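Engineer: This is the structure, below, for whatever I ask next.
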Amino acid sequence: MDRASLMAAGMDVDGALERLLGNESLLNQLLDVFMSDQSFEKLERALDGGDVEGAAAAAHTLKGVAANLSMTRLQDVATRMLGDLRDGDLAAAQALRGELGDAYRAIRSACESH
Amino acid sequence: MDRTIDEYLLDLVGSRADAPAETDPFLPLALKYGDPTTLLIVDDDLINRAVLGNLFRDEYTIQEASDGSAALDLIRADPGRFCAVLLDYRMEPMDGLALLERLDAKGLPRRIPVFLISAEASPEVMRRAYELGVMDVIEKPVVPFVVTRRVRSVIELFAARRRLSSVVMEQQAELVRRAGEILELNRGMIETLAAAIEFRDSESGGHVRRIHDITRAFLTQTEMGDGLSDEEVTSIALASIMHDVGKIGIPDAILGKPGRLTDEEFQIMKSHTVIGAEMLENIPQMHKNRAFDFAVDIARHHHERWDGRGYPDGLIGDEQTRWAQVVSIADVYDALRCKRVYKSAIPREEACRMIDEGACGTFGPRLLDAFHQIEPQLSTFYEQNSLTAADTPTDW
């Protein structure tokens with residue numbers, strides 16, 4: 001696992017390992033699961049279609065996954081977007097798409113190289 | 001002053017029939033097979049399940065369910081298998097609280113500790129979860145040592161409660177068994193002692209049993225027993241055995257005299273009522289026990305008369321309690337129907353006539369009606385050949 005690139009992409013690797021009681025192989029497995037997670041795609045589609053509820057559900061799932069894996073940057077943006085969506089503020093949520101996308105793609109590419 | 005012997009002892013050990021209210025129905029299984037060791041994780045998210053499972057994998061067998069109905073099926077199939085359930089709040093279509101409601105409806109959260117895992121448990125959600133019996137609400141993303149400590153502590157608590165419950169159950173069973181033995185011993189002792197006292201003037205213990213049986217017949221089959229509970233009837237029948245314990249204070253010469261007593265001797269003889277009542281009153285346990293209340297009353301007043309010319313207190317009519325009235329007529333009837341040292345046995349028609357005509361004491365109209373109602377049955381106690389007082393005991 002390439003700790004440095006994961007950390008640079010906004011993941012608290014040590015925190016994640018701690019949650020997993022130091023089980024590195026489990027962390028690797030879960031990073032693989034993350035790679036096949038579809039929440040980001042669902043969120044994008046929902047935002048495109050103006051579906052606030054669908055977007056909120058997807059954002060919630062994404063937030064949860066990120067939190068479990070201590071992907072703090074991604075978790076942080078997802079949390080803010082989720083807040084906007086729950087307030088019904090689609091515009092504010094749309095405004096965060098850029099930041100979210102950056103965080104997501106960064107962590108994905110760090111995972112790919114691990 | 002308001003309990004029978006039986007009630008007193010049964011209060012002491014709790015109800016015989018029912019198991020203690022808080023008994024864990026899985027207790028026998030747990031004790032037989034050991035405590036349950038499977039932890040059920042219910043969450044629709046794979047990563048969540050993996051993270052939680054990883055925390056407990058070393059200590060428990062992990063079982064996973066990805067939705068509420070699968071979880072319900074697993075639990076229902078074999079509830080005794082699970083030592084805990086970890087339940088995610090946000091799931092579709094049945095969320096954690098809905099699942100909890102179904103579990104709570106079966107009382108399961110009291111048997112299996114349930115933990116709600118939630119990223120954003122609002123106070124309302126938490127309150128509702130606790131109302132439904134959740135042991136703890138745990139935040140996501142989980143902090144490992146917090147979750148493990150909290151979950152393990154509760155699992156151990158439930159295991160300890162089961163063990164305690166089983167010990168209590170065993171002790172209770174033992175107490176009930178011993179209470180039963182004491183009750184039997186009580187009755188045996190009372191009967192034996194009363195019979196021993198009677199022995200001096202009536203040649204056997206049959207009299208004591210018959211008084212008990214006659215008293216019981218009056219109370220269970222005639223209106224003389226109206227309004228009395230089964231317990232009270234049993235207590236009064238028991239008390240009737242002791243009606244003549246005061247005779248222990250009467251000299252042999254008087255008790256066993258075959259001829260007529262002089263006035264002075266009669267005065268002494270009469271005092272067995274007062275002596276008996278005082279003896280019974282001096283028993284320390286008496287004050288807790290209604291059977292002894294009846295016994296004191298009966299001992300003192302079983303020679304009173306409806307017309308007020310009885311002894312020792314000259315009670316008139318219903319001043320003499322119903323049960324003392326019953327014992328007094330039972331005593332007379334038995335004396336007439338048995339051979340005694342000073343007379344032979346009197347046949348039933350004549351005995352009934354003598355009672356009706358007040359030859360041996362006067363009785364109230366209600367008592368006499370009741371007497372005639374059951375006299376045919378009472379007569380059967382005497383019918384095997386011509387009975388002396390030394391006779392076959394009736395079935396107790």
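Numbering starts fresh at 1 for the residues of each chain in the structure tokens, the chains themselves are lettered A, B, ... in the order given, and ligands are numbered from 1 as they appear.
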Got a sec: who's within 10 Å of range 67-78 of chain A, counting only C-alpha atoms, leaving out chain neighbours fewer than 2 positions off, as a PyMOL selection string?

Structural biologist: (chain A and resi 6-7+9-20+27+30-31+34+40+56+58-65+80-84+93+96-97+99-107) or (chain B and resi 47-48+51+119+140-143)

Engineer: Between A:Ala4, A:Ala91, A:Leu43, A:Leu26, which is the closest to Ala55 in chain A once you count only C-alpha atoms?

Structural biologist: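 Of the candidates, the smallest distance to Ala55 in chain A is held by A:Leu43.
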
Engineer: Residues of chain A classed as alpha helix (DSSP H) by DSSP on the backbone are to be reported as a ChimeraX atom specification.

Structural biologist: /A:3-8,13-19,24-35,39-48,52-68,72-86,90-95,97-112

Engineer: Determine, for each residue of chain B having at least one atom at most 12 Å from an atom of chain A, the closest pair of atoms and their separation in Å to one decimal, counting only C-alpha atoms; order by chain and ascending number, as a Markdown table.

Structural biologist:
| residue | atom | partner | partner_atom | distance |
| --- | --- | --- | --- | --- |
| B:Asp44 | CA | A:Thr61 | CA | 10.4 |
| B:Asp45 | CA | A:Thr61 | CA | 8.5 |
| B:Leu46 | CA | A:Val33 | CA | 8.3 |
| B:Ile47 | CA | A:Leu30 | CA | 6.6 |
| B:Asn48 | CA | A:Asn68 | CA | 7.2 |
| B:Arg49 | CA | A:Asn68 | CA | 10.6 |
| B:Ala50 | CA | A:Leu30 | CA | 8.1 |
| B:Val51 | CA | A:Leu20 | CA | 6.3 |
| B:Leu52 | CA | A:Leu20 | CA | 8.6 |
| B:Gly53 | CA | A:Leu20 | CA | 9.7 |
| B:Asn54 | CA | A:Leu20 | CA | 6.7 |
| B:Leu55 | CA | A:Leu20 | CA | 7.0 |
| B:Phe56 | CA | A:Leu21 | CA | 10.3 |
| B:Arg57 | CA | A:Leu21 | CA | 11.1 |
| B:Asp58 | CA | A:Leu21 | CA | 11.3 |
| B:Asp88 | CA | A:Gly64 | CA | 11.8 |
| B:Arg90 | CA | A:His60 | CA | 9.8 |
| B:Met91 | CA | A:Thr61 | CA | 10.6 |
| B:Glu92 | CA | A:Ala57 | CA | 10.8 |
| B:Ser118 | CA | A:Gly64 | CA | 10.1 |
| B:Ala119 | CA | A:Gly64 | CA | 7.7 |
| B:Glu120 | CA | A:His60 | CA | 10.5 |
| B:Glu139 | CA | A:Asn68 | CA | 11.3 |
| B:Lys140 | CA | A:Asn68 | CA | 7.7 |
| B:Pro141 | CA | A:Asn68 | CA | 5.3 |
| B:Val142 | CA | A:Arg19 | CA | 7.1 |
| B:Val143 | CA | A:Arg19 | CA | 6.2 |
| B:Pro144 | CA | A:Arg19 | CA | 5.4 |
| B:Phe145 | CA | A:Arg19 | CA | 8.7 |
| B:Val146 | CA | A:Arg19 | CA | 10.6 |
| B:Val147 | CA | A:Arg19 | CA | 10.4 |
| B:Thr148 | CA | A:Leu21 | CA | 11.1 |

Engineer: Now that the selection is made, can you save its residues with N, CA, C and O atoms as a compact mmCIF listing (two decimals), in the first residue's frame?

Structural biologist:
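The file below, part-v2.txt, is the result:
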# COMPACT_ATOMS: atom_id res chain seq x y z
N ASP B 44 -26.86 -2.58 5.62
CA ASP B 44 -26.92 -2.85 4.18
C ASP B 44 -25.59 -2.51 3.50
O ASP B 44 -25.41 -2.76 2.31
N ASP B 45 -24.68 -1.93 4.23
CA ASP B 45 -23.40 -1.53 3.64
C ASP B 45 -22.30 -2.54 3.96
O ASP B 45 -22.00 -2.80 5.13
N LEU B 46 -21.70 -3.05 2.91
CA LEU B 46 -20.69 -4.09 3.06
C LEU B 46 -19.51 -3.64 3.92
O LEU B 46 -19.02 -4.37 4.78
N ILE B 47 -19.07 -2.42 3.66
CA ILE B 47 -17.89 -1.93 4.38
C ILE B 47 -18.19 -1.80 5.88
O ILE B 47 -17.38 -2.18 6.72
N ASN B 48 -19.37 -1.28 6.19
CA ASN B 48 -19.76 -1.19 7.60
C ASN B 48 -19.73 -2.56 8.26
O ASN B 48 -19.21 -2.72 9.37
N ARG B 49 -20.32 -3.53 7.59
CA ARG B 49 -20.35 -4.88 8.16
C ARG B 49 -18.94 -5.40 8.38
O ARG B 49 -18.63 -6.02 9.40
N ALA B 50 -18.07 -5.12 7.39
CA ALA B 50 -16.69 -5.63 7.48
C ALA B 50 -15.95 -4.98 8.64
O ALA B 50 -15.23 -5.65 9.39
N VAL B 51 -16.12 -3.66 8.78
CA VAL B 51 -15.42 -2.96 9.85
C VAL B 51 -15.86 -3.48 11.22
O VAL B 51 -15.04 -3.80 12.09
N LEU B 52 -17.17 -3.61 11.41
CA LEU B 52 -17.67 -4.09 12.70
C LEU B 52 -17.28 -5.54 12.94
O LEU B 52 -16.81 -5.90 14.03
N GLY B 53 -17.46 -6.36 11.91
CA GLY B 53 -17.12 -7.77 12.05
C GLY B 53 -15.68 -7.96 12.46
O GLY B 53 -15.35 -8.79 13.31
N ASN B 54 -14.83 -7.16 11.88
CA ASN B 54 -13.40 -7.26 12.16
C ASN B 54 -13.10 -6.99 13.65
O ASN B 54 -12.19 -7.58 14.22
N LEU B 55 -13.87 -6.10 14.24
CA LEU B 55 -13.63 -5.77 15.64
C LEU B 55 -13.90 -6.94 16.58
O LEU B 55 -13.30 -7.05 17.65
N PHE B 56 -14.87 -7.78 16.19
CA PHE B 56 -15.32 -8.80 17.13
C PHE B 56 -14.98 -10.22 16.70
O PHE B 56 -15.31 -11.17 17.39
N ARG B 57 -14.31 -10.32 15.57
CA ARG B 57 -14.10 -11.63 14.99
C ARG B 57 -13.34 -12.59 15.90
O ARG B 57 -13.56 -13.79 15.86
N ASP B 58 -12.42 -12.04 16.68
CA ASP B 58 -11.60 -12.92 17.52
C ASP B 58 -12.39 -13.53 18.66
O ASP B 58 -12.08 -14.62 19.13
N ASP B 88 -27.77 -1.30 12.17
CA ASP B 88 -27.60 0.02 11.57
C ASP B 88 -28.94 0.74 11.52
O ASP B 88 -29.98 0.11 11.30
N ARG B 90 -29.87 3.45 9.40
CA ARG B 90 -30.38 3.77 8.06
C ARG B 90 -30.23 2.59 7.11
O ARG B 90 -29.14 2.29 6.64
N MET B 91 -31.37 1.93 6.90
CA MET B 91 -31.40 0.85 5.92
C MET B 91 -32.70 0.97 5.15
O MET B 91 -33.65 1.59 5.60
N GLU B 92 -32.75 0.38 3.97
CA GLU B 92 -34.00 0.32 3.22
C GLU B 92 -34.35 -1.14 3.00
O GLU B 92 -33.44 -1.94 2.80
N SER B 118 -25.25 4.33 14.43
CA SER B 118 -25.79 5.42 13.63
C SER B 118 -24.79 6.53 13.44
O SER B 118 -24.05 6.88 14.37
N ALA B 119 -24.81 7.11 12.25
CA ALA B 119 -23.89 8.22 11.98
C ALA B 119 -24.44 9.52 12.56
O ALA B 119 -23.70 10.41 12.92
N GLU B 120 -25.73 9.60 12.63
CA GLU B 120 -26.31 10.89 12.99
C GLU B 120 -27.55 10.68 13.84
O GLU B 120 -28.65 11.01 13.43
N GLU B 139 -21.86 5.48 17.75
CA GLU B 139 -21.69 6.38 16.61
C GLU B 139 -20.82 5.79 15.51
O GLU B 139 -19.87 5.07 15.77
N LYS B 140 -21.17 6.21 14.30
CA LYS B 140 -20.35 5.87 13.13
C LYS B 140 -19.63 7.12 12.67
O LYS B 140 -20.22 8.20 12.75
N PRO B 141 -18.44 7.06 12.11
CA PRO B 141 -17.60 5.87 11.99
C PRO B 141 -17.10 5.44 13.37
O PRO B 141 -16.80 6.26 14.22
N VAL B 142 -17.01 4.13 13.55
CA VAL B 142 -16.80 3.62 14.90
C VAL B 142 -15.37 3.83 15.39
O VAL B 142 -14.42 3.78 14.62
N VAL B 143 -15.29 4.10 16.67
CA VAL B 143 -13.99 4.13 17.35
C VAL B 143 -13.83 2.75 17.98
O VAL B 143 -14.61 2.38 18.86
N PRO B 144 -12.82 2.00 17.56
CA PRO B 144 -12.79 0.57 17.89
C PRO B 144 -12.85 0.23 19.38
O PRO B 144 -13.71 -0.55 19.80
N PHE B 145 -11.97 0.82 20.19
CA PHE B 145 -11.94 0.38 21.58
C PHE B 145 -13.21 0.78 22.34
O PHE B 145 -13.63 0.12 23.29
N VAL B 146 -13.84 1.84 21.88
CA VAL B 146 -15.11 2.25 22.51
C VAL B 146 -16.21 1.21 22.23
O VAL B 146 -16.89 0.74 23.13
N VAL B 147 -16.32 0.86 20.94
CA VAL B 147 -17.37 -0.09 20.56
C VAL B 147 -17.16 -1.44 21.25
O VAL B 147 -18.08 -2.02 21.82
N THR B 148 -15.93 -1.92 21.19
CA THR B 148 -15.69 -3.26 21.74
C THR B 148 -15.95 -3.27 23.24
O THR B 148 -16.59 -4.19 23.76

Engineer: What is the CA of Thr222 in chain B to CA of Phe294 in chain B distance in Å?

Structural biologist: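 So the two atoms, CA of Thr222 in chain B and CA of Phe294 in chain B, lie 18.8 Å apart.
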
Engineer: Could you check how far CA of Ile346 in chain B sits from CA of Val208 in chain B, in Å to one decimal?

Structural biologist: 18.8 Å

Engineer: Show me, as an NGL selection string, the residues that have an atom within 10 Å of Ser113 in chain A when counting only C-alpha atoms, minus same-chain residues fewer than 5 positions from it.

Structural biologist: :A and (1-2 or 5-6 or 108)
